[in-house]
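Taking it in order: structure first as structure tokens, then the write-up.
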Amino acid sequence: FEITNDFYDALDKEQFKLNYQPQVDLHSGKIVGVEALIRWQHPTKGVISPAKFIPVAEETGLIIPLGSWILRKACLDRKQWLEAGIQDIRVAVNISMKQFQQENFVETVLSILEETGLDPTYLELEITESIAMNKHQDVIKKLTLLREKQIYVSIDDFGTGYSSLSYLKELPINQLKVDQSFVQGIDHGNYQILQSIITLAQAMQLSVVAEGVETEKQAQRLKEFKCSIAQGYLYYKPMPVEDLLPVLKSI
Ligand code: G
Ligand code: G
Ligand code: MN
Ligand code: NA
């Protein structure tokens, strides 16, 4: 992949930045969290999507320093909003497979929290279903340690992988993020799986976030299904950190 070479010094040259997308409580409309979404401002190619470079970062191993940079930056940003008086919202960080599977993953997260001085209750980690369903004992061990420190844990893109429901039940997690494909299904009358996932989450006493909510009709359906939280262009698009603080202050 031709971007590989440029990739190595992009971290030094500060070409990565985090955007943030708010998540809202479907009933009160209040912002309950923000998800950090990385962008690469390439010097000649413009903005490159993480869908392109995260897989490259995984292959090259650069995901390890990059992943730590993302966590540190998100913690520092969250601390700033706290200093600006913003309470009660979490910052959610996407964790990739290789990053999670590092033996010292938990220690790395805890040392970044300590170094930045962020209270762990403000941090949320998003791991995909495929990460969660792999190496079950190792996953349980790591998530248990994270939960002991009050870090919030979500399963991302839920419904697209191959979850074993008996495994899922054993995982110490807080929340399911329903993949946006199920929300889009509402437009075509396909909402049975969405409804089932919401029911499943409730039965397991997990919070549930609907991703990729774009229309009022979808939001209305989600409310009927008693989904608690939504994220999507209907509410907010991912935005640069400079734009987020005024939004957080206005609500
Ligand atoms: O924001 P966008 O739609 O372009 O994201 C595309 C994909 O990249 C999504 O699957 C998202 O989870 C992933 N992604 C975005 N930011 C990060 C990040 O900071 N770390 C990891 N590991 N993945 C990310
Ligand atoms: O895999 P993950 O869920 O982390 O990725 C979230 C991705 O979804 C990001 O790339 C983000 O830009 C994108 N996204 C957020 N809201 C919407 C939306 O309403 N519609 C669509 N199509 N994509 C969205
Ligand atoms: Mn995510
Ligand atoms: Na997702």
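Labels used: A, B, ... for chains in the order of the structure tokens, numbers from 1 for residues in each chain, and numbers from 1 for ligands as shown.
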Exercise. Enumerate, as number ranges by chain, the complete set of residues in range 139-173 of chain A that a backbone-based DSSP assignment places in strand (DSSP E).
Key: A: 152-158
Exercise. For ligand 4, list the contacting residues at 8 Å or closer, counting only C-alpha atoms and all ligand atoms, as a VMD selection string.
Key: chain A and resid 128 156 to 158 177 to 180 211
For the residues in the current selection, export N, CA and C atoms as a short mmCIF file (atom, residue, chain, number, x, y, z; two decimals), in the first residue's frame.
```
data_model
loop_
_atom_site.label_atom_id
_atom_site.label_comp_id
_atom_site.auth_asym_id
_atom_site.auth_seq_id
_atom_site.Cartn_x
_atom_site.Cartn_y
_atom_site.Cartn_z
N THR A 128 -14.81 -4.29 19.09
CA THR A 128 -15.78 -4.90 18.17
C THR A 128 -16.14 -6.30 18.67
N ASP A 156 -18.80 -2.74 19.90
CA ASP A 156 -19.05 -1.92 18.72
C ASP A 156 -19.54 -2.79 17.55
N ASP A 157 -20.28 -2.18 16.63
CA ASP A 157 -20.76 -2.85 15.41
C ASP A 157 -21.53 -4.13 15.76
N PHE A 158 -22.26 -4.09 16.85
CA PHE A 158 -22.91 -5.31 17.32
C PHE A 158 -23.94 -5.81 16.31
N LYS A 177 -23.41 -1.42 21.00
CA LYS A 177 -23.64 -0.42 19.96
C LYS A 177 -24.12 -1.17 18.72
N VAL A 178 -25.40 -0.99 18.41
CA VAL A 178 -26.01 -1.73 17.30
C VAL A 178 -25.49 -1.15 15.98
N ASP A 179 -25.00 -2.01 15.13
CA ASP A 179 -24.43 -1.57 13.87
C ASP A 179 -25.45 -0.78 13.04
N GLN A 180 -24.94 0.22 12.31
CA GLN A 180 -25.84 1.11 11.57
C GLN A 180 -26.66 0.41 10.48
N GLU A 211 -26.50 3.16 16.13
CA GLU A 211 -25.54 3.93 15.35
C GLU A 211 -26.11 4.31 13.99
#
```
Please, which residues in chain A fall within 10 Å of ligand 2 when counting only C-alpha atoms and all ligand atoms, and what is the closest atom pair and distance in Å to one decimal for each, ordered by chain then residue number, as JSON lines?
```
{"residue": "A:Asn19", "atom": "CA", "partner": "ligand 2", "partner_atom_place_in_ligand_line": "12 (O)", "distance": 9.1}
{"residue": "A:Tyr20", "atom": "CA", "partner": "ligand 2", "partner_atom_place_in_ligand_line": "12 (O)", "distance": 9.3}
{"residue": "A:Gln21", "atom": "CA", "partner": "ligand 2", "partner_atom_place_in_ligand_line": "15 (C)", "distance": 7.2}
{"residue": "A:Pro22", "atom": "CA", "partner": "ligand 2", "partner_atom_place_in_ligand_line": "16 (N)", "distance": 9.4}
{"residue": "A:Gln23", "atom": "CA", "partner": "ligand 2", "partner_atom_place_in_ligand_line": "16 (N)", "distance": 9.6}
{"residue": "A:Glu35", "atom": "CA", "partner": "ligand 2", "partner_atom_place_in_ligand_line": "4 (O)", "distance": 7.9}
{"residue": "A:Ala36", "atom": "CA", "partner": "ligand 2", "partner_atom_place_in_ligand_line": "4 (O)", "distance": 8.7}
{"residue": "A:Leu37", "atom": "CA", "partner": "ligand 2", "partner_atom_place_in_ligand_line": "9 (C)", "distance": 6.6}
{"residue": "A:Ile38", "atom": "CA", "partner": "ligand 2", "partner_atom_place_in_ligand_line": "10 (O)", "distance": 8.9}
{"residue": "A:Arg39", "atom": "CA", "partner": "ligand 2", "partner_atom_place_in_ligand_line": "10 (O)", "distance": 9.8}
{"residue": "A:Ser49", "atom": "CA", "partner": "ligand 2", "partner_atom_place_in_ligand_line": "10 (O)", "distance": 8.0}
{"residue": "A:Pro50", "atom": "CA", "partner": "ligand 2", "partner_atom_place_in_ligand_line": "10 (O)", "distance": 7.8}
{"residue": "A:Ala51", "atom": "CA", "partner": "ligand 2", "partner_atom_place_in_ligand_line": "10 (O)", "distance": 7.6}
{"residue": "A:Ala92", "atom": "CA", "partner": "ligand 2", "partner_atom_place_in_ligand_line": "4 (O)", "distance": 9.5}
{"residue": "A:Val93", "atom": "CA", "partner": "ligand 2", "partner_atom_place_in_ligand_line": "4 (O)", "distance": 8.6}
{"residue": "A:Asn94", "atom": "CA", "partner": "ligand 2", "partner_atom_place_in_ligand_line": "4 (O)", "distance": 6.3}
{"residue": "A:Ile95", "atom": "CA", "partner": "ligand 2", "partner_atom_place_in_ligand_line": "4 (O)", "distance": 9.2}
{"residue": "A:Glu126", "atom": "CA", "partner": "ligand 2", "partner_atom_place_in_ligand_line": "4 (O)", "distance": 7.6}
{"residue": "A:Ile127", "atom": "CA", "partner": "ligand 2", "partner_atom_place_in_ligand_line": "4 (O)", "distance": 8.9}
{"residue": "A:Thr128", "atom": "CA", "partner": "ligand 2", "partner_atom_place_in_ligand_line": "1 (O)", "distance": 8.0}
{"residue": "A:Ile155", "atom": "CA", "partner": "ligand 2", "partner_atom_place_in_ligand_line": "3 (O)", "distance": 9.7}
{"residue": "A:Asp156", "atom": "CA", "partner": "ligand 2", "partner_atom_place_in_ligand_line": "3 (O)", "distance": 5.9}
{"residue": "A:Asp157", "atom": "CA", "partner": "ligand 2", "partner_atom_place_in_ligand_line": "3 (O)", "distance": 5.5}
{"residue": "A:Phe158", "atom": "CA", "partner": "ligand 2", "partner_atom_place_in_ligand_line": "3 (O)", "distance": 9.0}
{"residue": "A:Lys177", "atom": "CA", "partner": "ligand 2", "partner_atom_place_in_ligand_line": "3 (O)", "distance": 7.6}
{"residue": "A:Val178", "atom": "CA", "partner": "ligand 2", "partner_atom_place_in_ligand_line": "3 (O)", "distance": 8.4}
{"residue": "A:Asp179", "atom": "CA", "partner": "ligand 2", "partner_atom_place_in_ligand_line": "3 (O)", "distance": 6.6}
{"residue": "A:Gln180", "atom": "CA", "partner": "ligand 2", "partner_atom_place_in_ligand_line": "21 (C)", "distance": 7.2}
{"residue": "A:Ser181", "atom": "CA", "partner": "ligand 2", "partner_atom_place_in_ligand_line": "22 (N)", "distance": 8.8}
{"residue": "A:Val183", "atom": "CA", "partner": "ligand 2", "partner_atom_place_in_ligand_line": "19 (O)", "distance": 9.5}
{"residue": "A:Gln184", "atom": "CA", "partner": "ligand 2", "partner_atom_place_in_ligand_line": "22 (N)", "distance": 8.9}
{"residue": "A:Ala210", "atom": "CA", "partner": "ligand 2", "partner_atom_place_in_ligand_line": "3 (O)", "distance": 9.6}
{"residue": "A:Glu211", "atom": "CA", "partner": "ligand 2", "partner_atom_place_in_ligand_line": "16 (N)", "distance": 6.4}
{"residue": "A:Gly212", "atom": "CA", "partner": "ligand 2", "partner_atom_place_in_ligand_line": "19 (O)", "distance": 3.4}
{"residue": "A:Val213", "atom": "CA", "partner": "ligand 2", "partner_atom_place_in_ligand_line": "19 (O)", "distance": 4.7}
{"residue": "A:Glu214", "atom": "CA", "partner": "ligand 2", "partner_atom_place_in_ligand_line": "19 (O)", "distance": 4.7}
{"residue": "A:Thr215", "atom": "CA", "partner": "ligand 2", "partner_atom_place_in_ligand_line": "19 (O)", "distance": 8.5}
{"residue": "A:Ala230", "atom": "CA", "partner": "ligand 2", "partner_atom_place_in_ligand_line": "16 (N)", "distance": 9.5}
{"residue": "A:Gln231", "atom": "CA", "partner": "ligand 2", "partner_atom_place_in_ligand_line": "16 (N)", "distance": 6.1}
{"residue": "A:Gly232", "atom": "CA", "partner": "ligand 2", "partner_atom_place_in_ligand_line": "19 (O)", "distance": 3.3}
{"residue": "A:Tyr233", "atom": "CA", "partner": "ligand 2", "partner_atom_place_in_ligand_line": "19 (O)", "distance": 3.7}
{"residue": "A:Leu234", "atom": "CA", "partner": "ligand 2", "partner_atom_place_in_ligand_line": "19 (O)", "distance": 6.3}
{"residue": "A:Tyr235", "atom": "CA", "partner": "ligand 2", "partner_atom_place_in_ligand_line": "19 (O)", "distance": 8.1}
{"residue": "A:Tyr236", "atom": "CA", "partner": "ligand 2", "partner_atom_place_in_ligand_line": "16 (N)", "distance": 7.7}
{"residue": "A:Lys237", "atom": "CA", "partner": "ligand 2", "partner_atom_place_in_ligand_line": "16 (N)", "distance": 6.2}
{"residue": "A:Pro238", "atom": "CA", "partner": "ligand 2", "partner_atom_place_in_ligand_line": "12 (O)", "distance": 6.1}
{"residue": "A:Met239", "atom": "CA", "partner": "ligand 2", "partner_atom_place_in_ligand_line": "12 (O)", "distance": 9.6}
```
Quiz prompt | Proximity to ligand 3 - best of A:Leu171, A:Lys79, A:Ile198, A:Val153, only C-alpha atoms and all ligand atoms | solution = A:Val153
Practice problem: Return as a ChimeraX atom specification the full set of residues in range 159-228 of chain A whose backbone-based DSSP assignment is alpha helix (DSSP H). | Solution: /A:165-170,180-184,192-203,216-224
Convert the current residue selection to file output with C-alpha atoms, as a JSON list (two decimals), in the first residue's frame.
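That gives us part-v4.json:
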```
[["chain", "number", "residue", "atom", "x", "y", "z"],
["A", 165, "LEU", "CA", -24.72, -15.41, 23.22],
["A", 166, "SER", "CA", -23.40, -17.59, 26.01],
["A", 167, "TYR", "CA", -19.98, -15.89, 25.68],
["A", 168, "LEU", "CA", -21.59, -12.50, 25.53],
["A", 169, "LYS", "CA", -23.40, -13.19, 28.77],
["A", 170, "GLU", "CA", -20.09, -13.87, 30.53],
["A", 180, "GLN", "CA", -25.84, 1.11, 11.57],
["A", 181, "SER", "CA", -26.97, -1.45, 8.99],
["A", 182, "PHE", "CA", -29.78, -2.47, 11.37],
["A", 183, "VAL", "CA", -30.89, 1.14, 11.79],
["A", 184, "GLN", "CA", -30.99, 1.59, 8.02],
["A", 192, "GLN", "CA", -36.90, -7.44, 13.63],
["A", 193, "ILE", "CA", -33.19, -7.91, 14.33],
["A", 194, "LEU", "CA", -32.83, -4.38, 15.66],
["A", 195, "GLN", "CA", -35.75, -4.92, 17.99],
["A", 196, "SER", "CA", -34.32, -8.27, 19.13],
["A", 197, "ILE", "CA", -30.92, -6.75, 19.90],
["A", 198, "ILE", "CA", -32.55, -4.01, 21.98],
["A", 199, "THR", "CA", -34.58, -6.63, 23.87],
["A", 200, "LEU", "CA", -31.45, -8.74, 24.37],
["A", 201, "ALA", "CA", -29.54, -5.75, 25.74],
["A", 202, "GLN", "CA", -32.34, -4.98, 28.18],
["A", 203, "ALA", "CA", -32.51, -8.58, 29.34],
["A", 216, "GLU", "CA", -36.66, 11.26, 12.21],
["A", 217, "LYS", "CA", -38.50, 8.12, 11.21],
["A", 218, "GLN", "CA", -35.62, 5.97, 12.41],
["A", 219, "ALA", "CA", -35.41, 7.93, 15.66],
["A", 220, "GLN", "CA", -39.15, 7.51, 16.22],
["A", 221, "ARG", "CA", -38.95, 3.76, 15.73],
["A", 222, "LEU", "CA", -35.96, 3.52, 18.05],
["A", 223, "LYS", "CA", -37.94, 5.31, 20.76],
["A", 224, "GLU", "CA", -40.84, 2.90, 20.28]]
```
Quiz item: Between A:Lys73, A:Lys226, A:Arg78, A:Lys135, which is the closest to ligand 1 once you count only C-alpha atoms and all ligand atoms?
Solution: A:Lys73
Quiz prompt | Separation of atom 6 (C, counted along the ligand's line) of ligand 1 from CA of Glu58 in chain A, in Å and rounded to one decimal | solution = 14.2 Å
Self-check item: Best match for closeness to Gly61 in chain A among A:Tyr162, A:Gln102, A:Val209, A:Asp6, counting only C-alpha atoms
Solution: A:Gln102
Quiz item: Near Arg147 in chain A, counting only C-alpha atoms, which residues have an atom at most 10 Å away, once you skip same-chain residues fewer than 6 positions from it, shown as a ChimeraX atom specification?
Solution: /A:120-121,153,172-174
Quiz item: Looking at A:Leu206, A:Leu11, A:Val241, A:Leu18, which one is nearest to ligand 1, with distances taken over only C-alpha atoms and all ligand atoms?
Solution: A:Leu18
Self-check item: Closest of A:Gly46, A:Asp119, A:Leu143, A:Val34 to ligand 3 - atom-to-atom distances counting only C-alpha atoms and all ligand atoms
Solution: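 Smallest separation from ligand 3 among the options: A:Val34.
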Self-check item: Coordinates-based distance that separates CA of Tyr152 in chain A from CA of Tyr122 in chain A (Å, one decimal)
Solution: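 Straight-line distance from CA of Tyr122 in chain A to CA of Tyr152 in chain A works out to 8.0 Å.
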Exercise. Find the residue from A:Lys52, A:Lys30, A:His42, A:Lys17 that sits nearest to Ala74 in chain A; use only C-alpha atoms when measuring.
Key: A:Lys17
